[in-house]
file input37.cif (mmCIF, C-alpha atoms and all ligand atoms; chains and numbers go by the auth columns)
data_work
#
loop_
_atom_site.group_PDB
_atom_site.id
_atom_site.type_symbol
_atom_site.label_atom_id
_atom_site.label_comp_id
_atom_site.label_asym_id
_atom_site.label_seq_id
_atom_site.Cartn_x
_atom_site.Cartn_y
_atom_site.Cartn_z
_atom_site.B_iso_or_equiv
_atom_site.auth_seq_id
_atom_site.auth_asym_id
ATOM 1 C CA MET A 1 17.666 -10.542 -3.012 0.00 1 A
ATOM 2 C CA ALA A 2 19.453 -7.187 -3.073 0.00 2 A
ATOM 3 C CA ALA A 3 20.059 -5.081 0.040 0.00 3 A
ATOM 4 C CA PRO A 4 17.231 -2.593 0.561 0.00 4 A
ATOM 5 C CA ARG A 5 17.847 0.946 -0.476 0.00 5 A
ATOM 6 C CA ILE A 6 16.958 3.083 2.556 0.00 6 A
ATOM 7 C CA LEU A 7 16.461 6.761 1.779 0.00 7 A
ATOM 8 C CA VAL A 8 16.110 9.042 4.791 0.00 8 A
ATOM 9 C CA VAL A 9 14.536 12.384 3.957 0.00 9 A
ATOM 10 C CA ASP A 10 13.854 15.528 5.961 0.00 10 A
ATOM 11 C CA ASP A 11 10.087 15.659 5.915 0.00 11 A
ATOM 12 C CA THR A 12 6.914 14.485 4.195 0.00 12 A
ATOM 13 C CA ASP A 13 7.338 16.901 1.279 0.00 13 A
ATOM 14 C CA GLU A 14 10.716 15.454 0.437 0.00 14 A
ATOM 15 C CA LEU A 15 9.393 11.946 1.004 0.00 15 A
ATOM 16 C CA SER A 16 6.682 12.593 -1.577 0.00 16 A
ATOM 17 C CA ARG A 17 9.112 13.977 -4.153 0.00 17 A
ATOM 18 C CA VAL A 18 11.672 11.204 -3.716 0.00 18 A
ATOM 19 C CA ALA A 19 8.963 8.535 -3.852 0.00 19 A
ATOM 20 C CA ALA A 20 7.510 10.148 -6.982 0.00 20 A
ATOM 21 C CA ASP A 21 10.956 9.907 -8.613 0.00 21 A
ATOM 22 C CA VAL A 22 11.088 6.175 -7.864 0.00 22 A
ATOM 23 C CA VAL A 23 7.535 5.543 -9.086 0.00 23 A
ATOM 24 C CA ALA A 24 8.057 7.656 -12.209 0.00 24 A
ATOM 25 C CA ALA A 25 11.223 5.696 -13.023 0.00 25 A
ATOM 26 C CA VAL A 26 9.344 2.379 -12.809 0.00 26 A
ATOM 27 C CA ILE A 27 6.569 3.674 -15.061 0.00 27 A
ATOM 28 C CA GLU A 28 9.040 5.098 -17.540 0.00 28 A
ATOM 29 C CA ALA A 29 10.851 1.764 -17.739 0.00 29 A
ATOM 30 C CA THR A 30 7.589 -0.243 -17.810 0.00 30 A
ATOM 31 C CA PRO A 31 4.727 1.824 -19.249 0.00 31 A
ATOM 32 C CA ALA A 32 2.289 -1.076 -18.758 0.00 32 A
ATOM 33 C CA ALA A 33 3.372 -1.589 -15.143 0.00 33 A
ATOM 34 C CA ALA A 34 1.033 -3.481 -12.813 0.00 34 A
ATOM 35 C CA ILE A 35 0.910 -1.492 -9.593 0.00 35 A
ATOM 36 C CA ALA A 36 -0.591 -2.014 -6.137 0.00 36 A
ATOM 37 C CA VAL A 37 -1.485 1.222 -4.430 0.00 37 A
ATOM 38 C CA ALA A 38 -1.841 1.760 -0.679 0.00 38 A
ATOM 39 C CA THR A 39 -4.318 4.170 0.787 0.00 39 A
ATOM 40 C CA GLY A 40 -3.710 5.638 4.256 0.00 40 A
ATOM 41 C CA ARG A 41 -2.096 8.945 5.089 0.00 41 A
ATOM 42 C CA THR A 42 1.545 8.370 4.220 0.00 42 A
ATOM 43 C CA PRO A 43 1.312 8.143 0.398 0.00 43 A
ATOM 44 C CA ILE A 44 -1.153 11.036 -0.026 0.00 44 A
ATOM 45 C CA GLY A 45 1.629 13.544 -0.785 0.00 45 A
ATOM 46 C CA LEU A 46 3.225 11.118 -3.247 0.00 46 A
ATOM 47 C CA TYR A 47 -0.037 10.799 -5.189 0.00 47 A
ATOM 48 C CA ALA A 48 -0.486 14.576 -5.180 0.00 48 A
ATOM 49 C CA GLU A 49 3.074 14.960 -6.480 0.00 49 A
ATOM 50 C CA LEU A 50 2.445 12.408 -9.260 0.00 50 A
ATOM 51 C CA ALA A 51 -0.761 14.225 -10.204 0.00 51 A
ATOM 52 C CA ALA A 52 1.107 17.551 -10.315 0.00 52 A
ATOM 53 C CA ARG A 53 3.773 16.027 -12.566 0.00 53 A
ATOM 54 C CA ARG A 54 1.047 14.702 -14.843 0.00 54 A
ATOM 55 C CA ARG A 55 -0.553 18.146 -15.076 0.00 55 A
ATOM 56 C CA SER A 56 2.855 19.529 -16.052 0.00 56 A
ATOM 57 C CA ASN A 57 3.225 16.784 -18.685 0.00 57 A
ATOM 58 C CA LEU A 58 6.249 15.383 -16.881 0.00 58 A
ATOM 59 C CA ILE A 59 4.740 11.904 -16.589 0.00 59 A
ATOM 60 C CA ASP A 60 1.940 10.019 -18.254 0.00 60 A
ATOM 61 C CA VAL A 61 0.410 6.797 -17.059 0.00 61 A
ATOM 62 C CA PRO A 62 -2.194 5.632 -19.593 0.00 62 A
ATOM 63 C CA GLY A 63 -0.803 2.097 -19.753 0.00 63 A
ATOM 64 C CA ILE A 64 -0.499 1.140 -16.100 0.00 64 A
ATOM 65 C CA ALA A 65 -2.767 -1.446 -14.489 0.00 65 A
ATOM 66 C CA VAL A 66 -3.772 -0.903 -10.873 0.00 66 A
ATOM 67 C CA TYR A 67 -4.467 -3.723 -8.429 0.00 67 A
ATOM 68 C CA GLN A 68 -6.329 -2.849 -5.269 0.00 68 A
ATOM 69 C CA LEU A 69 -4.333 -3.521 -2.126 0.00 69 A
ATOM 70 C CA ASP A 70 -7.048 -3.753 0.492 0.00 70 A
ATOM 71 C CA GLU A 71 -10.673 -3.009 1.254 0.00 71 A
ATOM 72 C CA TYR A 72 -13.020 -3.125 4.202 0.00 72 A
ATOM 73 C CA LEU A 73 -15.883 -5.582 4.110 0.00 73 A
ATOM 74 C CA GLY A 74 -19.541 -4.951 4.885 0.00 74 A
ATOM 75 C CA LEU A 75 -19.806 -1.470 3.356 0.00 75 A
ATOM 76 C CA GLU A 76 -22.560 -0.267 1.046 0.00 76 A
ATOM 77 C CA PRO A 77 -21.355 0.968 -2.355 0.00 77 A
ATOM 78 C CA PHE A 78 -20.202 4.603 -2.066 0.00 78 A
ATOM 79 C CA ASP A 79 -19.745 4.393 1.705 0.00 79 A
ATOM 80 C CA ARG A 80 -17.436 7.239 2.773 0.00 80 A
ATOM 81 C CA ARG A 81 -15.078 4.675 4.296 0.00 81 A
ATOM 82 C CA SER A 82 -14.513 2.720 1.091 0.00 82 A
ATOM 83 C CA LEU A 83 -10.786 2.352 0.479 0.00 83 A
ATOM 84 C CA PHE A 84 -11.554 2.007 -3.207 0.00 84 A
ATOM 85 C CA GLY A 85 -13.223 5.419 -3.039 0.00 85 A
ATOM 86 C CA TRP A 86 -10.145 6.768 -1.285 0.00 86 A
ATOM 87 C CA MET A 87 -7.892 5.324 -3.995 0.00 87 A
ATOM 88 C CA GLN A 88 -10.166 6.786 -6.665 0.00 88 A
ATOM 89 C CA GLN A 89 -9.955 10.280 -5.218 0.00 89 A
ATOM 90 C CA SER A 90 -6.286 10.287 -4.375 0.00 90 A
ATOM 91 C CA PHE A 91 -4.789 8.240 -7.219 0.00 91 A
ATOM 92 C CA LEU A 92 -7.027 7.008 -10.031 0.00 92 A
ATOM 93 C CA GLU A 93 -8.875 10.206 -10.880 0.00 93 A
ATOM 94 C CA PRO A 94 -5.954 12.643 -10.495 0.00 94 A
ATOM 95 C CA LEU A 95 -3.867 10.378 -12.722 0.00 95 A
ATOM 96 C CA GLY A 96 -6.648 9.776 -15.236 0.00 96 A
ATOM 97 C CA ILE A 97 -6.581 5.996 -14.945 0.00 97 A
ATOM 98 C CA GLU A 98 -9.469 4.371 -16.789 0.00 98 A
ATOM 99 C CA ASP A 99 -11.788 1.954 -14.944 0.00 99 A
ATOM 100 C CA GLU A 100 -10.880 -0.964 -17.188 0.00 100 A
ATOM 101 C CA ARG A 101 -7.285 -0.717 -15.982 0.00 101 A
ATOM 102 C CA VAL A 102 -8.292 -1.194 -12.350 0.00 102 A
ATOM 103 C CA ASN A 103 -8.581 -4.601 -10.716 0.00 103 A
ATOM 104 C CA ARG A 104 -10.744 -4.489 -7.633 0.00 104 A
ATOM 105 C CA LEU A 105 -10.737 -6.900 -4.742 0.00 105 A
ATOM 106 C CA PRO A 106 -13.945 -8.873 -4.213 0.00 106 A
ATOM 107 C CA VAL A 107 -16.302 -7.529 -1.555 0.00 107 A
ATOM 108 C CA ASP A 108 -19.353 -9.697 -2.148 0.00 108 A
ATOM 109 C CA GLY A 109 -20.332 -13.132 -3.391 0.00 109 A
ATOM 110 C CA ASP A 110 -18.033 -16.045 -2.574 0.00 110 A
ATOM 111 C CA LEU A 111 -15.053 -14.129 -1.241 0.00 111 A
ATOM 112 C CA ASP A 112 -12.680 -17.099 -1.159 0.00 112 A
ATOM 113 C CA ASP A 113 -13.372 -17.764 -4.834 0.00 113 A
ATOM 114 C CA GLY A 114 -13.109 -14.056 -5.590 0.00 114 A
ATOM 115 C CA CYS A 115 -9.748 -13.764 -3.846 0.00 115 A
ATOM 116 C CA ALA A 116 -8.396 -16.825 -5.664 0.00 116 A
ATOM 117 C CA ALA A 117 -9.601 -15.385 -8.996 0.00 117 A
ATOM 118 C CA PHE A 118 -7.918 -12.051 -8.163 0.00 118 A
ATOM 119 C CA ASP A 119 -4.616 -13.832 -7.526 0.00 119 A
ATOM 120 C CA ARG A 120 -4.947 -15.911 -10.696 0.00 120 A
ATOM 121 C CA GLU A 121 -5.568 -12.811 -12.780 0.00 121 A
ATOM 122 C CA LEU A 122 -2.632 -10.998 -11.231 0.00 122 A
ATOM 123 C CA GLU A 123 -0.391 -13.967 -11.885 0.00 123 A
ATOM 124 C CA ALA A 124 -1.654 -14.384 -15.446 0.00 124 A
ATOM 125 C CA GLY A 125 -0.784 -10.723 -16.045 0.00 125 A
ATOM 126 C CA GLY A 126 2.785 -11.399 -14.886 0.00 126 A
ATOM 127 C CA GLY A 127 2.499 -10.234 -11.255 0.00 127 A
ATOM 128 C CA LEU A 128 3.195 -6.813 -9.823 0.00 128 A
ATOM 129 C CA ASP A 129 5.850 -4.531 -11.234 0.00 129 A
ATOM 130 C CA LEU A 130 5.483 -2.145 -8.313 0.00 130 A
ATOM 131 C CA ALA A 131 3.876 -2.150 -4.861 0.00 131 A
ATOM 132 C CA ILE A 132 3.516 1.190 -3.104 0.00 132 A
ATOM 133 C CA LEU A 133 3.096 0.365 0.581 0.00 133 A
ATOM 134 C CA GLY A 134 2.632 2.085 3.897 0.00 134 A
ATOM 135 C CA LEU A 135 3.665 0.561 7.202 0.00 135 A
ATOM 136 C CA GLY A 136 0.988 -0.388 9.716 0.00 136 A
ATOM 137 C CA PRO A 137 1.584 0.376 13.402 0.00 137 A
ATOM 138 C CA ASN A 138 1.833 -3.387 13.976 0.00 138 A
ATOM 139 C CA GLY A 139 3.987 -4.035 10.911 0.00 139 A
ATOM 140 C CA HIS A 140 1.121 -4.918 8.600 0.00 140 A
ATOM 141 C CA LEU A 141 1.386 -4.472 4.840 0.00 141 A
ATOM 142 C CA GLY A 142 -1.972 -3.899 3.229 0.00 142 A
ATOM 143 C CA PHE A 143 -4.148 -5.600 5.820 0.00 143 A
ATOM 144 C CA ASN A 144 -1.823 -8.555 6.282 0.00 144 A
ATOM 145 C CA GLU A 145 -2.136 -8.481 10.032 0.00 145 A
ATOM 146 C CA PRO A 146 0.299 -10.250 12.341 0.00 146 A
ATOM 147 C CA PRO A 147 0.760 -13.141 12.193 0.00 147 A
ATOM 148 C CA SER A 148 1.030 -13.268 8.385 0.00 148 A
ATOM 149 C CA GLY A 149 3.566 -15.513 6.736 0.00 149 A
ATOM 150 C CA PRO A 150 5.233 -14.787 3.413 0.00 150 A
ATOM 151 C CA ASP A 151 3.100 -17.261 1.460 0.00 151 A
ATOM 152 C CA THR A 152 -0.316 -15.995 2.512 0.00 152 A
ATOM 153 C CA PRO A 153 -2.574 -15.345 -0.482 0.00 153 A
ATOM 154 C CA THR A 154 -5.190 -12.668 -1.041 0.00 154 A
ATOM 155 C CA ARG A 155 -7.879 -13.360 1.547 0.00 155 A
ATOM 156 C CA VAL A 156 -10.424 -12.199 4.079 0.00 156 A
ATOM 157 C CA VAL A 157 -8.927 -11.034 7.392 0.00 157 A
ATOM 158 C CA ASP A 158 -10.067 -9.817 10.789 0.00 158 A
ATOM 159 C CA LEU A 159 -8.578 -6.455 11.616 0.00 159 A
ATOM 160 C CA SER A 160 -6.544 -6.344 14.809 0.00 160 A
ATOM 161 C CA PRO A 161 -7.402 -3.949 17.657 0.00 161 A
ATOM 162 C CA VAL A 162 -4.230 -1.971 16.840 0.00 162 A
ATOM 163 C CA THR A 163 -5.315 -1.477 13.230 0.00 163 A
ATOM 164 C CA ILE A 164 -8.869 -0.598 14.232 0.00 164 A
ATOM 165 C CA GLU A 165 -7.470 2.044 16.589 0.00 165 A
ATOM 166 C CA ALA A 166 -5.121 3.403 13.907 0.00 166 A
ATOM 167 C CA ASN A 167 -7.866 3.467 11.257 0.00 167 A
ATOM 168 C CA ALA A 168 -10.182 5.291 13.677 0.00 168 A
ATOM 169 C CA ARG A 169 -8.151 8.415 12.854 0.00 169 A
ATOM 170 C CA TYR A 170 -9.433 8.223 9.283 0.00 170 A
ATOM 171 C CA TRP A 171 -13.127 7.875 10.117 0.00 171 A
ATOM 172 C CA GLY A 172 -13.638 9.558 13.470 0.00 172 A
ATOM 173 C CA ASP A 173 -14.046 6.730 15.932 0.00 173 A
ATOM 174 C CA ALA A 174 -13.052 3.095 16.415 0.00 174 A
ATOM 175 C CA ALA A 175 -16.748 2.197 16.202 0.00 175 A
ATOM 176 C CA ASP A 176 -16.715 3.488 12.607 0.00 176 A
ATOM 177 C CA VAL A 177 -13.977 1.079 11.529 0.00 177 A
ATOM 178 C CA PRO A 178 -15.173 -2.168 9.930 0.00 178 A
ATOM 179 C CA ARG A 179 -13.912 -5.295 11.676 0.00 179 A
ATOM 180 C CA THR A 180 -13.158 -7.374 8.600 0.00 180 A
ATOM 181 C CA ALA A 181 -11.400 -6.680 5.355 0.00 181 A
ATOM 182 C CA VAL A 182 -9.916 -8.277 2.298 0.00 182 A
ATOM 183 C CA THR A 183 -6.234 -7.851 1.571 0.00 183 A
ATOM 184 C CA MET A 184 -3.872 -8.684 -1.220 0.00 184 A
ATOM 185 C CA GLY A 185 -1.673 -11.490 0.113 0.00 185 A
ATOM 186 C CA MET A 186 1.911 -11.322 1.276 0.00 186 A
ATOM 187 C CA ALA A 187 2.815 -13.749 -1.520 0.00 187 A
ATOM 188 C CA GLN A 188 1.552 -11.345 -4.197 0.00 188 A
ATOM 189 C CA LEU A 189 3.215 -8.324 -2.581 0.00 189 A
ATOM 190 C CA LEU A 190 6.553 -9.935 -1.882 0.00 190 A
ATOM 191 C CA SER A 191 6.916 -11.124 -5.464 0.00 191 A
ATOM 192 C CA ALA A 192 6.577 -7.584 -6.842 0.00 192 A
ATOM 193 C CA ARG A 193 9.596 -6.660 -8.942 0.00 193 A
ATOM 194 C CA SER A 194 9.868 -3.352 -7.132 0.00 194 A
ATOM 195 C CA ILE A 195 8.507 -2.366 -3.721 0.00 195 A
ATOM 196 C CA VAL A 196 8.427 1.115 -2.246 0.00 196 A
ATOM 197 C CA LEU A 197 7.773 1.233 1.498 0.00 197 A
ATOM 198 C CA LEU A 198 6.923 4.626 2.945 0.00 198 A
ATOM 199 C CA ALA A 199 6.961 5.581 6.625 0.00 199 A
ATOM 200 C CA SER A 200 6.708 8.939 8.235 0.00 200 A
ATOM 201 C CA GLY A 201 6.560 10.289 11.776 0.00 201 A
ATOM 202 C CA GLU A 202 7.864 9.311 15.170 0.00 202 A
ATOM 203 C CA GLU A 203 4.970 6.934 15.769 0.00 203 A
ATOM 204 C CA LYS A 204 6.415 4.621 13.084 0.00 204 A
ATOM 205 C CA ARG A 205 9.955 4.650 14.472 0.00 205 A
ATOM 206 C CA SER A 206 9.821 1.545 16.603 0.00 206 A
ATOM 207 C CA ILE A 207 7.904 -0.660 14.136 0.00 207 A
ATOM 208 C CA LEU A 208 10.131 0.517 11.280 0.00 208 A
ATOM 209 C CA HIS A 209 13.177 -0.478 13.293 0.00 209 A
ATOM 210 C CA ARG A 210 11.657 -3.914 13.945 0.00 210 A
ATOM 211 C CA ALA A 211 10.803 -4.305 10.256 0.00 211 A
ATOM 212 C CA LEU A 212 14.278 -3.376 9.046 0.00 212 A
ATOM 213 C CA GLU A 213 16.505 -4.669 11.832 0.00 213 A
ATOM 214 C CA GLY A 214 14.447 -7.051 13.966 0.00 214 A
ATOM 215 C CA SER A 215 13.998 -10.739 13.413 0.00 215 A
ATOM 216 C CA ILE A 216 12.161 -11.745 10.264 0.00 216 A
ATOM 217 C CA GLY A 217 8.869 -13.455 11.005 0.00 217 A
ATOM 218 C CA PRO A 218 5.063 -13.407 10.834 0.00 218 A
ATOM 219 C CA GLU A 219 4.702 -11.212 13.915 0.00 219 A
ATOM 220 C CA VAL A 220 6.054 -8.285 11.859 0.00 220 A
ATOM 221 C CA PRO A 221 4.851 -8.989 8.310 0.00 221 A
ATOM 222 C CA ALA A 222 6.858 -6.040 6.928 0.00 222 A
ATOM 223 C CA SER A 223 10.062 -7.774 8.063 0.00 223 A
ATOM 224 C CA TYR A 224 9.613 -10.174 5.106 0.00 224 A
ATOM 225 C CA LEU A 225 10.332 -7.288 2.773 0.00 225 A
ATOM 226 C CA ARG A 226 13.994 -7.947 3.519 0.00 226 A
ATOM 227 C CA GLU A 227 13.623 -11.280 1.739 0.00 227 A
ATOM 228 C CA THR A 228 11.880 -10.026 -1.363 0.00 228 A
ATOM 229 C CA PRO A 229 13.622 -11.100 -4.560 0.00 229 A
ATOM 230 C CA GLY A 230 12.696 -7.736 -6.061 0.00 230 A
ATOM 231 C CA GLU A 231 14.068 -4.284 -5.521 0.00 231 A
ATOM 232 C CA LEU A 232 13.118 -2.729 -2.179 0.00 232 A
ATOM 233 C CA THR A 233 13.249 1.022 -1.638 0.00 233 A
ATOM 234 C CA VAL A 234 12.381 2.268 1.842 0.00 234 A
ATOM 235 C CA ILE A 235 11.706 5.988 1.996 0.00 235 A
ATOM 236 C CA VAL A 236 11.346 7.393 5.484 0.00 236 A
ATOM 237 C CA ASP A 237 11.569 10.754 7.170 0.00 237 A
ATOM 238 C CA ARG A 238 13.981 11.555 9.978 0.00 238 A
ATOM 239 C CA ALA A 239 11.250 11.344 12.601 0.00 239 A
ATOM 240 C CA ALA A 240 10.579 7.716 11.663 0.00 240 A
ATOM 241 C CA ARG A 241 14.211 6.739 11.289 0.00 241 A
ATOM 242 C CA SER A 242 16.140 8.730 13.876 0.00 242 A
ATOM 243 C CA GLN A 243 17.860 6.307 16.209 0.00 243 A
ATOM 244 C CA GLY A 244 18.001 8.867 19.053 0.00 244 A
HETATM 245 C C1 LIG B . -3.966 1.034 3.453 0.00 1 B
HETATM 246 C C2 LIG B . -2.930 0.075 3.828 0.00 1 B
HETATM 247 C C3 LIG B . -2.306 0.116 5.172 0.00 1 B
HETATM 248 C C4 LIG B . -1.576 1.433 5.434 0.00 1 B
HETATM 249 C C5 LIG B . -0.892 1.422 6.803 0.00 1 B
HETATM 250 C C6 LIG B . -0.259 2.772 7.123 0.00 1 B
HETATM 251 O O1 LIG B . -4.427 0.756 2.126 0.00 1 B
HETATM 252 O O2 LIG B . -2.606 -0.744 3.042 0.00 1 B
HETATM 253 O O3 LIG B . -1.410 -0.960 5.276 0.00 1 B
HETATM 254 O O4 LIG B . -0.631 1.628 4.433 0.00 1 B
HETATM 255 O O5 LIG B . -1.818 1.106 7.792 0.00 1 B
HETATM 256 O O6 LIG B . -1.257 3.754 7.165 0.00 1 B
HETATM 257 P P1 LIG B . -0.872 5.296 7.295 0.00 1 B
HETATM 258 O O7 LIG B . -0.144 5.669 6.043 0.00 1 B
HETATM 259 O O8 LIG B . -2.191 6.020 7.393 0.00 1 B
HETATM 260 O O9 LIG B . -0.020 5.433 8.503 0.00 1 B
#
call {"tool": "encode", "arguments": {"input": "input37.cif", "output": "structure tokens", "more": "lines below"}}
Ligand code: F6R
result
Amino acid sequence: MAAPRILVVDDTDELSRVAADVVAAVIEATPAAAIAVATGRTPIGLYAELAARRRSNLIDVPGIAVYQLDEYLGLEPFDRRSLFGWMQQSFLEPLGIEDERVNRLPVDGDLDDGCAAFDRELEAGGGLDLAILGLGPNGHLGFNEPPSGPDTPTRVVDLSPVTIEANARYWGDAADVPRTAVTMGMAQLLSARSIVLLASGEEKRSILHRALEGSIGPEVPASYLRETPGELTVIVDRAARSQG
């Protein structure tokens, strides 16, 4: 386990550019990289930056495989709140990633079997080369809500009140946020060969501090990133990192 690389940037524009450099370097080194991709607000600028670089022929990503990080349960196909739909619009389509290179989480049928099959397939493919993660207000990664230990697999979860409140900003109201979800497990994320954690804004300052300097444990799932055997790059803006 190497010490995390913590890059403090001025603002979200710089965060997006610096993160795009890190992601582009992974893809250049591993053109068939298996990547987990967060939705949420923080990585939006990164995905736009990657798309702009693709349009300028600075990067190309035809060989990558994408593994879905999380999804709400109980939605009809094409529901506006689908996180897969969000990933499609912000990442898959702008980067021209073909459907057959995308591994979706199960949302119907026997979910326990579906989650186990997802993990088996990911493992058979050699695991993740890169996980692009945001930081939940309660320290969640994906929807690995506290308490989540480092060995938890891909599974169905109940969303915590804190996450429901935070996700209400995406959809208008807490009543619009589904109560259950499926998330890639901590075990799958923590074994990624490279992890990029993004955090922006003052509202993330305290949880970021707990994740990076607090005690490591299931109450702050992101704290386990400090034990990942892979390479961890934390890219944060001054508002999230300032100690003042
Ligand atoms: C979403 C996800 C979540 C978010 C986290 C931060 O797919 O995995 O863990 O990354 O809740 O969300 P934002 O970036 O909106 O603050």
call {"tool": "residues_around", "arguments": {"input": "input37.cif", "residues": "Ser194 (chain A)", "least_positions_apart": "6", "cutoff": "12 Å", "atoms": "all atoms listed in the file", "output": "mmCIF file with C-alpha atoms, in the frame of the given file"}}
result
data_model
loop_
_atom_site.group_PDB
_atom_site.id
_atom_site.type_symbol
_atom_site.label_atom_id
_atom_site.label_comp_id
_atom_site.auth_asym_id
_atom_site.auth_seq_id
_atom_site.Cartn_x
_atom_site.Cartn_y
_atom_site.Cartn_z
ATOM 1 C CA MET A 1 17.666 -10.542 -3.012
ATOM 2 C CA ALA A 2 19.453 -7.187 -3.073
ATOM 3 C CA PRO A 4 17.231 -2.593 0.561
ATOM 4 C CA ARG A 5 17.847 0.946 -0.476
ATOM 5 C CA VAL A 22 11.088 6.175 -7.864
ATOM 6 C CA VAL A 23 7.535 5.543 -9.086
ATOM 7 C CA ALA A 25 11.223 5.696 -13.023
ATOM 8 C CA VAL A 26 9.344 2.379 -12.809
ATOM 9 C CA ILE A 27 6.569 3.674 -15.061
ATOM 10 C CA ALA A 29 10.851 1.764 -17.739
ATOM 11 C CA THR A 30 7.589 -0.243 -17.810
ATOM 12 C CA ALA A 33 3.372 -1.589 -15.143
ATOM 13 C CA ALA A 34 1.033 -3.481 -12.813
ATOM 14 C CA ILE A 35 0.910 -1.492 -9.593
ATOM 15 C CA ALA A 36 -0.591 -2.014 -6.137
ATOM 16 C CA GLY A 127 2.499 -10.234 -11.255
ATOM 17 C CA LEU A 128 3.195 -6.813 -9.823
ATOM 18 C CA ASP A 129 5.850 -4.531 -11.234
ATOM 19 C CA LEU A 130 5.483 -2.145 -8.313
ATOM 20 C CA ALA A 131 3.876 -2.150 -4.861
ATOM 21 C CA ILE A 132 3.516 1.190 -3.104
ATOM 22 C CA LEU A 133 3.096 0.365 0.581
ATOM 23 C CA GLN A 188 1.552 -11.345 -4.197
ATOM 24 C CA LEU A 225 10.332 -7.288 2.773
ATOM 25 C CA THR A 228 11.880 -10.026 -1.363
ATOM 26 C CA PRO A 229 13.622 -11.100 -4.560
ATOM 27 C CA GLY A 230 12.696 -7.736 -6.061
ATOM 28 C CA GLU A 231 14.068 -4.284 -5.521
ATOM 29 C CA LEU A 232 13.118 -2.729 -2.179
ATOM 30 C CA THR A 233 13.249 1.022 -1.638
ATOM 31 C CA VAL A 234 12.381 2.268 1.842
#
call {"tool": "closest_residue", "arguments": {"input": "input37.cif", "among": "A:Ala65, A:Leu58, A:Ala211, A:Val196", "to": "Leu92 (chain A)", "atoms": "only C-alpha atoms"}}
result
A:Ala65
call {"tool": "residues_near_ligand", "arguments": {"input": "input37.cif", "ligand": "ligand LIG 1 (chain B)", "cutoff": "6 Å", "atoms": "all atoms listed in the file", "output": "PyMOL selection string"}}
result
chain A and resi 38-42+70+133-136+140-143
call {"tool": "atom_distance", "arguments": {"input": "input37.cif", "atom1": "CA of Arg54 (chain A)", "atom2": "CA of Thr183 (chain A)"}}
result
28.8 Å
call {"tool": "resolve_selection", "arguments": {"input": "input37.cif", "expression": "the PyMOL selection byres (((chain A and resi 123) around 12) and not hetatm)", "output": "ChimeraX atom specification"}}
result
/A:34,67,116-122,124-129,153-154,187-189,191-192
call {"tool": "closest_residue", "arguments": {"input": "input37.cif", "among": "A:Glu28, A:Glu71, A:Glu202, A:Glu76", "to": "Met184 (chain A)", "atoms": "all atoms listed in the file"}}
result
A:Glu71
call {"tool": "closest_residue", "arguments": {"input": "input37.cif", "among": "A:Pro94, A:Gly139, A:Pro178, A:Pro221", "to": "Asp79 (chain A)", "atoms": "all atoms listed in the file"}}
result
A:Pro178
call {"tool": "residues_around", "arguments": {"input": "input37.cif", "residues": "Arg210 (chain A)", "least_positions_apart": "3", "cutoff": "9 Å", "atoms": "all atoms listed in the file", "output": "list of chain:residue names"}}
result
A:Gly139, A:Arg205, A:Ser206, A:Ile207, A:Glu213, A:Gly214, A:Ser215, A:Ile216, A:Val220, A:Ala222, A:Ser223
call {"tool": "atom_distance", "arguments": {"input": "input37.cif", "atom1": "CA of Leu46 (chain A)", "atom2": "CA of Ala19 (chain A)"}}
result
6.3 Å
call {"tool": "residues_around", "arguments": {"input": "input37.cif", "residues": "Val157 (chain A)", "least_positions_apart": "3", "cutoff": "7 Å", "atoms": "only C-alpha atoms", "output": "list in words"}}
result
Thr180, Ala181 and Val182 of chain A
call {"tool": "closest_residue", "arguments": {"input": "input37.cif", "among": "A:Asn57, A:Ala51, A:Ala166, A:Asn138", "to": "Leu95 (chain A)", "atoms": "only C-alpha atoms"}}
result
A:Ala51
call {"tool": "build_atoms", "arguments": {"input": "input37.cif", "residues": "region 194-202 of chain A", "atoms": "N, CA and C atoms", "output": "PDB file, in the coordinates of the input"}}
result
ATOM      1  N   SER A 194       9.367  -4.516  -7.852  1.00  0.00           N
ATOM      2  CA  SER A 194       9.868  -3.352  -7.132  1.00  0.00           C
ATOM      3  C   SER A 194       8.881  -3.008  -6.023  1.00  0.00           C
ATOM      4  N   ILE A 195       9.373  -2.725  -4.844  1.00  0.00           N
ATOM      5  CA  ILE A 195       8.507  -2.366  -3.721  1.00  0.00           C
ATOM      6  C   ILE A 195       9.011  -1.061  -3.134  1.00  0.00           C
ATOM      7  N   VAL A 196       8.096  -0.138  -2.923  1.00  0.00           N
ATOM      8  CA  VAL A 196       8.427   1.115  -2.246  1.00  0.00           C
ATOM      9  C   VAL A 196       7.668   1.117  -0.926  1.00  0.00           C
ATOM     10  N   LEU A 197       8.394   1.155   0.175  1.00  0.00           N
ATOM     11  CA  LEU A 197       7.773   1.233   1.498  1.00  0.00           C
ATOM     12  C   LEU A 197       7.964   2.649   2.026  1.00  0.00           C
ATOM     13  N   LEU A 198       6.870   3.253   2.441  1.00  0.00           N
ATOM     14  CA  LEU A 198       6.923   4.626   2.945  1.00  0.00           C
ATOM     15  C   LEU A 198       6.572   4.628   4.433  1.00  0.00           C
ATOM     16  N   ALA A 199       7.321   5.420   5.207  1.00  0.00           N
ATOM     17  CA  ALA A 199       6.961   5.581   6.625  1.00  0.00           C
ATOM     18  C   ALA A 199       7.348   6.984   7.063  1.00  0.00           C
ATOM     19  N   SER A 200       6.471   7.565   7.825  1.00  0.00           N
ATOM     20  CA  SER A 200       6.708   8.939   8.235  1.00  0.00           C
ATOM     21  C   SER A 200       6.240   9.137   9.671  1.00  0.00           C
ATOM     22  N   GLY A 201       6.985   9.905  10.432  1.00  0.00           N
ATOM     23  CA  GLY A 201       6.560  10.289  11.776  1.00  0.00           C
ATOM     24  C   GLY A 201       7.129   9.388  12.858  1.00  0.00           C
ATOM     25  N   GLU A 202       7.257   9.994  14.028  1.00  0.00           N
ATOM     26  CA  GLU A 202       7.864   9.311  15.170  1.00  0.00           C
ATOM     27  C   GLU A 202       7.096   8.052  15.572  1.00  0.00           C
TER      28      GLU A 202
END
